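A.B. asks: This one is query-v5.cif, mmCIF, C-alpha atoms.
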data_work
loop_
_atom_site.label_atom_id
_atom_site.label_comp_id
_atom_site.auth_asym_id
_atom_site.auth_seq_id
_atom_site.Cartn_x
_atom_site.Cartn_y
_atom_site.Cartn_z
CA MET R 2 -22.47 -5.23 49.65
CA ALA R 3 -21.18 -8.79 49.51
CA ARG R 4 -19.98 -11.19 52.18
CA ILE R 5 -16.46 -11.91 50.98
CA SER R 6 -13.68 -14.19 52.16
CA PHE R 7 -10.09 -13.70 51.09
CA ILE R 8 -7.59 -16.55 51.36
CA GLY R 9 -3.91 -15.61 51.30
CA LEU R 10 -2.56 -12.33 52.64
CA GLY R 11 0.81 -12.04 50.93
CA VAL R 12 2.15 -8.96 49.18
CA MET R 13 -0.64 -9.24 46.58
CA GLY R 14 -3.52 -10.67 48.57
CA ALA R 15 -3.37 -8.31 51.55
CA PRO R 16 -3.86 -5.10 49.53
CA MET R 17 -6.54 -6.69 47.32
CA ALA R 18 -8.47 -7.70 50.43
CA ARG R 19 -7.97 -4.19 51.79
CA HIS R 20 -9.52 -2.66 48.67
CA LEU R 21 -12.54 -4.96 49.00
CA ALA R 22 -13.01 -3.87 52.62
CA ALA R 23 -12.62 -0.22 51.65
CA ALA R 24 -15.34 -0.69 49.03
CA GLY R 25 -17.72 -1.58 51.84
CA HIS R 26 -17.82 -5.36 51.61
CA GLY R 27 -17.77 -7.52 54.72
CA VAL R 28 -14.43 -9.32 54.54
CA THR R 29 -13.28 -12.43 56.36
CA VAL R 30 -9.64 -13.39 55.86
CA TYR R 31 -7.62 -16.56 56.18
CA ASN R 32 -3.86 -16.87 56.09
CA ARG R 33 -1.66 -19.86 56.85
CA THR R 34 0.32 -17.65 59.24
CA THR R 35 -2.36 -16.58 61.71
CA ALA R 36 -0.42 -13.52 62.85
CA LYS R 37 -0.80 -11.98 59.39
CA ALA R 38 -4.56 -12.49 59.48
CA GLU R 39 -4.81 -10.97 62.95
CA ALA R 40 -2.71 -7.97 61.88
CA TRP R 41 -4.82 -7.46 58.76
CA VAL R 42 -8.05 -7.43 60.81
CA ALA R 43 -6.52 -5.04 63.33
CA ALA R 44 -5.67 -2.66 60.50
CA HIS R 45 -8.73 -3.00 58.26
CA GLY R 46 -11.58 -4.54 60.26
CA GLY R 47 -13.62 -7.59 59.40
CA ARG R 48 -12.68 -10.89 60.96
CA TRP R 49 -10.26 -13.76 60.46
CA ALA R 50 -10.96 -17.48 60.32
CA PRO R 51 -8.73 -20.38 61.39
CA THR R 52 -9.36 -22.46 58.24
CA PRO R 53 -10.38 -21.78 54.64
CA ALA R 54 -13.56 -23.78 55.23
CA GLU R 55 -14.58 -21.56 58.11
CA ALA R 56 -13.68 -18.46 56.14
CA ALA R 57 -15.91 -19.59 53.26
CA GLN R 58 -18.90 -20.53 55.42
CA GLY R 59 -21.81 -18.29 54.41
CA ALA R 60 -19.75 -16.25 51.92
CA ASP R 61 -21.16 -14.89 48.69
CA ALA R 62 -17.68 -14.93 47.16
CA VAL R 63 -14.29 -16.34 48.06
CA PHE R 64 -11.06 -14.97 46.59
CA ALA R 65 -7.70 -16.72 46.81
CA CYS R 66 -4.14 -15.62 46.18
CA VAL R 67 -1.70 -18.23 47.42
CA GLY R 68 1.52 -19.73 46.06
CA ARG R 69 1.53 -22.84 43.89
CA ASP R 70 -0.80 -25.56 42.61
CA ALA R 71 -0.43 -27.59 45.82
CA ASP R 72 -1.26 -24.59 48.01
CA LEU R 73 -4.35 -23.81 45.95
CA GLU R 74 -5.51 -27.42 46.04
CA GLU R 75 -5.13 -27.48 49.83
CA VAL R 76 -7.15 -24.30 50.47
CA THR R 77 -9.94 -25.34 48.09
CA LEU R 78 -10.27 -29.12 47.93
CA GLY R 79 -8.51 -30.12 51.13
CA ALA R 80 -10.29 -31.40 54.23
CA ASP R 81 -10.49 -27.83 55.55
CA GLY R 82 -10.79 -26.27 52.09
CA ALA R 83 -13.21 -23.58 51.00
CA PHE R 84 -15.11 -25.90 48.64
CA GLN R 85 -16.25 -27.93 51.64
CA THR R 86 -18.51 -25.12 52.88
CA LEU R 87 -19.22 -22.79 49.95
CA GLY R 88 -22.93 -22.73 49.30
CA GLU R 89 -24.67 -23.34 45.99
CA GLY R 90 -24.44 -20.35 43.66
CA ALA R 91 -21.42 -18.85 45.44
CA LEU R 92 -18.44 -17.44 43.54
CA PHE R 93 -14.83 -18.58 43.77
CA VAL R 94 -12.11 -16.43 42.18
CA ASP R 95 -8.51 -17.57 42.09
CA HIS R 96 -5.86 -14.87 41.65
CA THR R 97 -2.94 -17.27 42.06
CA THR R 98 -0.70 -17.92 39.07
CA VAL R 99 -0.95 -21.69 38.68
CA SER R 100 -1.30 -24.32 35.96
CA ALA R 101 -4.20 -24.32 33.54
CA ALA R 102 -4.77 -27.94 34.60
CA ILE R 103 -5.68 -27.10 38.20
CA ALA R 104 -7.80 -24.17 37.00
CA ARG R 105 -9.84 -26.59 34.89
CA ARG R 106 -10.03 -29.06 37.75
CA LEU R 107 -11.39 -26.42 40.14
CA ALA R 108 -13.93 -25.35 37.52
CA ALA R 109 -15.13 -28.96 37.18
CA GLU R 110 -15.25 -29.51 40.94
CA GLY R 111 -17.08 -26.21 41.33
CA ALA R 112 -19.63 -27.08 38.65
CA ALA R 113 -20.43 -30.30 40.50
CA LYS R 114 -21.17 -28.19 43.58
CA HIS R 115 -23.05 -25.53 41.56
CA LEU R 116 -20.38 -22.89 42.18
CA HIS R 117 -19.19 -20.17 39.82
CA VAL R 118 -15.41 -20.54 39.42
CA LEU R 119 -13.04 -18.08 37.74
CA ASP R 120 -9.29 -18.40 37.23
CA ALA R 121 -8.09 -14.80 37.32
CA PRO R 122 -4.31 -14.33 37.58
CA VAL R 123 -3.12 -10.75 37.79
CA SER R 124 -0.37 -8.53 36.39
CA GLY R 125 0.91 -5.30 37.85
CA GLY R 126 2.93 -6.50 40.79
CA GLN R 127 2.82 -5.31 44.36
CA ALA R 128 2.63 -1.68 43.26
CA GLY R 129 -0.45 -2.42 41.15
CA ALA R 130 -2.09 -4.27 44.00
CA GLU R 131 -1.40 -1.46 46.47
CA ALA R 132 -2.74 1.15 44.04
CA GLY R 133 -5.76 -0.92 43.00
CA LYS R 134 -4.61 -0.85 39.36
CA LEU R 135 -4.09 -4.52 38.50
CA ALA R 136 -4.71 -6.07 35.10
CA ILE R 137 -6.66 -9.31 35.41
CA MET R 138 -7.00 -12.04 32.79
CA CYS R 139 -9.97 -14.31 33.44
CA GLY R 140 -10.96 -17.82 32.47
CA GLY R 141 -14.30 -19.42 33.21
CA SER R 142 -17.96 -19.10 32.34
CA ALA R 143 -19.58 -15.84 31.33
CA GLU R 144 -21.75 -16.11 34.44
CA ALA R 145 -18.71 -16.41 36.72
CA PHE R 146 -17.06 -13.40 35.10
CA ALA R 147 -20.24 -11.33 35.34
CA ALA R 148 -20.46 -12.09 39.05
CA ALA R 149 -16.79 -11.38 39.73
CA GLU R 150 -16.16 -8.29 37.60
CA PRO R 151 -18.03 -5.75 39.76
CA LEU R 152 -16.16 -6.99 42.83
CA MET R 153 -12.75 -6.96 41.12
CA ARG R 154 -13.22 -3.31 40.17
CA ALA R 155 -12.12 -2.54 43.73
CA TYR R 156 -8.50 -3.33 42.79
CA ALA R 157 -8.40 -3.69 38.99
CA ALA R 158 -7.69 -1.17 36.27
CA ARG R 159 -8.71 -3.80 33.73
CA ALA R 160 -10.37 -7.22 33.86
CA VAL R 161 -10.80 -9.16 30.62
CA HIS R 162 -12.73 -12.39 30.10
CA VAL R 163 -10.30 -14.31 27.90
CA GLY R 164 -12.16 -17.61 27.52
CA PRO R 165 -13.19 -20.82 29.30
CA ALA R 166 -11.63 -22.34 32.42
CA GLY R 167 -7.84 -22.29 32.22
CA ALA R 168 -7.70 -19.50 29.63
CA GLY R 169 -6.89 -16.91 32.29
CA GLN R 170 -3.87 -18.93 33.39
CA GLN R 171 -2.75 -19.41 29.79
CA ALA R 172 -3.03 -15.65 29.19
CA LYS R 173 -0.86 -15.06 32.27
CA MET R 174 1.71 -17.42 30.74
CA VAL R 175 1.70 -15.23 27.63
CA ASN R 176 2.28 -12.23 29.89
CA GLN R 177 5.30 -13.83 31.55
CA ILE R 178 6.74 -15.10 28.26
CA ALA R 179 6.58 -11.55 26.88
CA ILE R 180 8.12 -10.00 30.01
CA ALA R 181 10.99 -12.51 29.95
CA GLY R 182 11.90 -11.50 26.40
CA VAL R 183 11.67 -7.79 27.16
CA LEU R 184 13.89 -8.08 30.24
CA GLY R 185 16.42 -10.15 28.34
CA GLY R 186 16.76 -7.46 25.67
CA LEU R 187 16.65 -4.61 28.16
CA SER R 188 19.44 -6.14 30.27
CA GLU R 189 21.68 -6.60 27.25
CA GLY R 190 20.92 -3.13 25.89
CA LEU R 191 21.69 -1.46 29.20
CA ARG R 192 24.92 -3.43 29.66
CA PHE R 193 25.97 -2.51 26.10
CA ALA R 194 25.33 1.17 26.85
CA GLU R 195 27.44 0.92 30.01
CA ARG R 196 30.34 -0.73 28.17
CA ALA R 197 30.12 1.90 25.42
CA GLY R 198 30.49 4.65 28.01
CA LEU R 199 27.19 6.30 27.10
CA ASP R 200 25.21 8.65 29.36
CA LEU R 201 22.58 6.21 30.55
CA ASP R 202 20.01 8.89 31.36
CA LYS R 203 20.35 10.35 27.88
CA VAL R 204 20.05 6.91 26.28
CA LEU R 205 16.84 6.29 28.20
CA GLU R 206 15.49 9.69 27.17
CA ALA R 207 16.30 8.97 23.54
CA ILE R 208 15.04 5.42 23.14
CA SER R 209 12.04 5.48 25.50
CA GLY R 210 10.27 7.75 23.04
CA GLY R 211 10.52 5.25 20.21
CA ALA R 212 9.65 1.71 19.27
CA ALA R 213 11.83 0.16 22.00
CA GLN R 214 9.78 1.74 24.77
CA SER R 215 8.22 -0.60 27.34
CA TRP R 216 6.92 -0.52 30.90
CA GLN R 217 10.03 -2.36 31.99
CA MET R 218 12.29 0.19 30.30
CA VAL R 219 10.56 3.24 31.78
CA ASN R 220 10.22 1.80 35.27
CA ARG R 221 13.31 -0.40 35.65
CA TRP R 222 16.12 1.13 33.53
CA PRO R 223 16.90 3.79 36.21
CA THR R 224 16.96 1.23 39.04
CA MET R 225 18.91 -1.32 37.01
CA THR R 226 21.62 1.30 36.38
CA LYS R 227 21.94 1.63 40.19
CA ARG R 228 21.81 -2.15 40.64
CA GLU R 229 18.74 -1.82 42.85
CA PHE R 230 16.61 -4.95 42.68
CA ASP R 231 14.04 -4.67 45.47
CA PHE R 232 10.94 -3.83 43.47
CA GLY R 233 8.45 -6.61 44.01
CA PHE R 234 8.09 -9.72 41.88
CA ALA R 235 11.00 -12.04 42.70
CA ILE R 236 13.06 -14.18 40.35
CA ASP R 237 12.05 -17.28 42.34
CA TRP R 238 8.42 -16.61 41.41
CA MET R 239 9.25 -15.72 37.81
CA ARG R 240 10.98 -19.08 37.40
CA LYS R 241 7.89 -20.79 38.80
CA ASP R 242 5.73 -18.96 36.26
CA LEU R 243 8.06 -19.65 33.35
CA GLY R 244 8.09 -23.30 34.36
CA LEU R 245 4.30 -23.35 34.04
CA ALA R 246 4.54 -21.77 30.59
CA LEU R 247 7.23 -24.18 29.42
CA ASP R 248 5.20 -27.16 30.67
CA GLU R 249 2.12 -25.89 28.85
CA ALA R 250 4.16 -25.32 25.69
CA ARG R 251 5.42 -28.89 25.76
CA ALA R 252 1.80 -30.01 25.91
CA ASN R 253 0.47 -27.77 23.11
CA GLY R 254 3.51 -27.86 20.82
CA ALA R 255 4.47 -24.18 21.05
CA ALA R 256 8.18 -23.39 20.68
CA LEU R 257 9.51 -21.04 23.39
CA PRO R 258 13.27 -20.81 22.76
CA VAL R 259 13.64 -17.27 24.14
CA ALA R 260 11.61 -17.97 27.27
CA ALA R 261 13.57 -21.18 27.90
CA LEU R 262 16.87 -19.32 27.51
CA VAL R 263 15.86 -16.48 29.82
CA ASP R 264 14.64 -19.05 32.35
CA GLN R 265 18.15 -20.52 32.40
CA PHE R 266 19.63 -17.04 32.76
CA TYR R 267 17.41 -16.55 35.80
CA ALA R 268 18.71 -19.87 37.17
CA GLU R 269 22.20 -18.37 36.99
CA VAL R 270 21.08 -15.34 39.01
CA GLN R 271 19.50 -17.67 41.56
CA ALA R 272 22.83 -19.49 41.85
CA MET R 273 24.42 -16.09 42.57
CA GLY R 274 22.05 -15.67 45.51
CA GLY R 275 19.59 -13.42 43.69
CA GLY R 276 16.42 -15.49 43.92
CA ARG R 277 14.63 -12.88 45.99
CA ASN R 278 15.76 -10.00 43.74
CA ASP R 279 13.11 -8.64 41.40
CA THR R 280 13.10 -9.79 37.79
CA SER R 281 15.19 -6.85 36.55
CA ALA R 282 18.17 -8.44 38.34
CA LEU R 283 18.65 -10.47 35.16
CA ILE R 284 21.38 -7.95 34.33
CA ARG R 285 23.50 -9.34 37.21
CA ARG R 286 24.61 -12.25 35.04
CA LEU R 287 26.15 -9.88 32.45
CA LYS R 288 29.67 -9.11 33.63
#
Hey, can you dump this file as structure tokens for me?

C.D. replies:
Amino acid sequence: MARISFIGLGVMGAPMARHLAAAGHGVTVYNRTTAKAEAWVAAHGGRWAPTPAEAAQGADAVFACVGRDADLEEVTLGADGAFQTLGEGALFVDHTTVSAAIARRLAAEGAAKHLHVLDAPVSGGQAGAEAGKLAIMCGGSAEAFAAAEPLMRAYAARAVHVGPAGAGQQAKMVNQIAIAGVLGGLSEGLRFAERAGLDLDKVLEAISGGAAQSWQMVNRWPTMTKREFDFGFAIDWMRKDLGLALDEARANGAALPVAALVDQFYAEVQAMGGGRNDTSALIRRLK
């Protein structure tokens, strides 16, 4: 069993850390809000640390799931960051969705310290994290992936080594680009069905068995019809992720007209006060 530290106990990080503890690993947690770390330890055991550096001291592996590039930089490379104390040969796995640029930077900084670094953003939302059924797309060396994969089995249904440092983050961008397009079409299709006076349950039954079927359709059509939008991943975070994808596309020359359009649609929902709604709230902009 490994000595593991987990940095970031949000709606994704807390259940992932819980699965690691349940698998028998010794887990030390750090969270910017100390009360969350204390509550996690009270519920699941282990211990909490007051800084990322102290959490990482003596760890075999450190996992992180924070917010944005700046947050990740602070908990890794900052004065009290995990990279200050991680020992040679240790593993660092980042589950945050961030830019490919910072993923590559952490890989380079880690190599200089003889660390194994993996960028490993996840898909599956809060429900996937709670159930231990996340899909993980990984960038980094083969050695880093080989070290991380057995540990990630505690909360992953699938973990795929996509390529070198940054490739995991780029794959997550592909994921978000694809979801944006699906939700755009799903929102318009559902609103069309409503305006046509169709039985929405029957429409779902009919089309979910054909080529239009998607996870979003099966899981969100029924809640979208009820205008229920409290199912995890928020529009505020989706816009952050789409911003990363659009920035990367400007750098590599990829055209993302649909993603850019859906991003602006999400901006409209934010302006309506829906930033904390889940991503299926895109339909709110269709009157």

A.B. asks: Translate the PyMOL selection byres ((chain R and resi 222-235) around 9), as applied to the file shown, into an explicit residue set as a ChimeraX atom specification.

C.D. replies: /R:12,126-128,187-188,191-192,195,201-202,205,217-221,236-240,275-282,284-285

A.B. asks: Between R:Val63, R:Glu110, R:Ala157, R:Ala260, which has the minimum distance to R:Leu135 (counting all atoms listed in the file)?

C.D. replies: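 Smallest separation from R:Leu135 among the options: R:Ala157.
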
A.B. asks: Run the PyMOL selection byres ((chain R and resi 166) around 8) on the file and write out the hits as a ChimeraX atom specification.

C.D. replies: /R:101,104-105,108,119-120,140-142,164-165,167-169

A.B. asks: Within 6 Å of (-6.8, -17.5, 37.1) in the file's own coordinates, which protein, DNA or RNA residues have an atom, counting all atoms listed in the file? List them as a CSV table (one decimal) with C-alpha atoms, in the coordinates of the input.

C.D. replies:
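Written output follows (selection-v5.csv):
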chain,number,residue,atom,x,y,z
R,95,ASP,CA,-8.5,-17.6,42.1
R,96,HIS,CA,-5.9,-14.9,41.6
R,120,ASP,CA,-9.3,-18.4,37.2
R,121,ALA,CA,-8.1,-14.8,37.3
R,122,PRO,CA,-4.3,-14.3,37.6
R,139,CYS,CA,-10.0,-14.3,33.4
R,169,GLY,CA,-6.9,-16.9,32.3
R,170,GLN,CA,-3.9,-18.9,33.4

A.B. asks: On this file, the PyMOL selection byres ((chain R and resi 242-247) around 8) gives some set of residues; write that set as a list in words.

C.D. replies: Thr98, Val99, Ser100, Gln171, Met174, Val175, Gln177, Ile178, Trp238, Met239, Arg240, Lys241, Asp248, Glu249, Ala250, Arg251, Leu257, Ala260, Ala261 and Asp264 of chain R

A.B. asks: Report, in Å to a single decimal, how far apart atom CA of R:Leu184 and atom CA of R:Gly274 are.

C.D. replies: 18.9 Å

A.B. asks: Which residue out of R:Glu144, R:Glu89, R:Asp81, R:Glu74 has the minimum interatomic distance to R:Ala102 when only C-alpha atoms are used?

C.D. replies: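 Ranked by minimum distance to R:Ala102, first place goes to R:Glu74.
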
A.B. asks: Go ahead and fit an axis-aligned box to every listed atom of stretch 182-196 of chain R plus 8 Å each side, and pass me the centre and edge lengths in Å, one decimal, as JSON.

C.D. replies:
{"center_x": 21.0, "center_y": -5.2, "center_z": 28.0, "size_x": 34.7, "size_y": 28.7, "size_z": 20.6}

A.B. asks: Choose the residue, out of R:Tyr31, R:Tyr156, R:Trp216, R:Trp49, that has the smallest atom-to-atom separation from R:Ala83; count only C-alpha atoms.

C.D. replies: R:Tyr31

A.B. asks: Got a sec: who's within 12 Å of R:Pro151, counting all atoms listed in the file, leaving out chain neighbours fewer than 5 positions off, as a PyMOL selection string?

C.D. replies: chain R and resi 2-3+21+24+26+62+145-146+156-160

A.B. asks: Keeping C-alpha atoms, export the residues of the selection given above as a PDB file, in the frame of the given file.

C.D. replies:
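Final output, saved to result.pdb:
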ATOM      1  CA  MET R   2     -22.470  -5.230  49.650  1.00  0.00           C
ATOM      2  CA  ALA R   3     -21.180  -8.790  49.510  1.00  0.00           C
ATOM      3  CA  LEU R  21     -12.540  -4.960  49.000  1.00  0.00           C
ATOM      4  CA  ALA R  24     -15.340  -0.690  49.030  1.00  0.00           C
ATOM      5  CA  HIS R  26     -17.820  -5.360  51.610  1.00  0.00           C
ATOM      6  CA  ALA R  62     -17.680 -14.930  47.160  1.00  0.00           C
ATOM      7  CA  ALA R 145     -18.710 -16.410  36.720  1.00  0.00           C
ATOM      8  CA  PHE R 146     -17.060 -13.400  35.100  1.00  0.00           C
ATOM      9  CA  TYR R 156      -8.500  -3.330  42.790  1.00  0.00           C
ATOM     10  CA  ALA R 157      -8.400  -3.690  38.990  1.00  0.00           C
ATOM     11  CA  ALA R 158      -7.690  -1.170  36.270  1.00  0.00           C
ATOM     12  CA  ARG R 159      -8.710  -3.800  33.730  1.00  0.00           C
ATOM     13  CA  ALA R 160     -10.370  -7.220  33.860  1.00  0.00           C
TER      14      ALA R 160
END
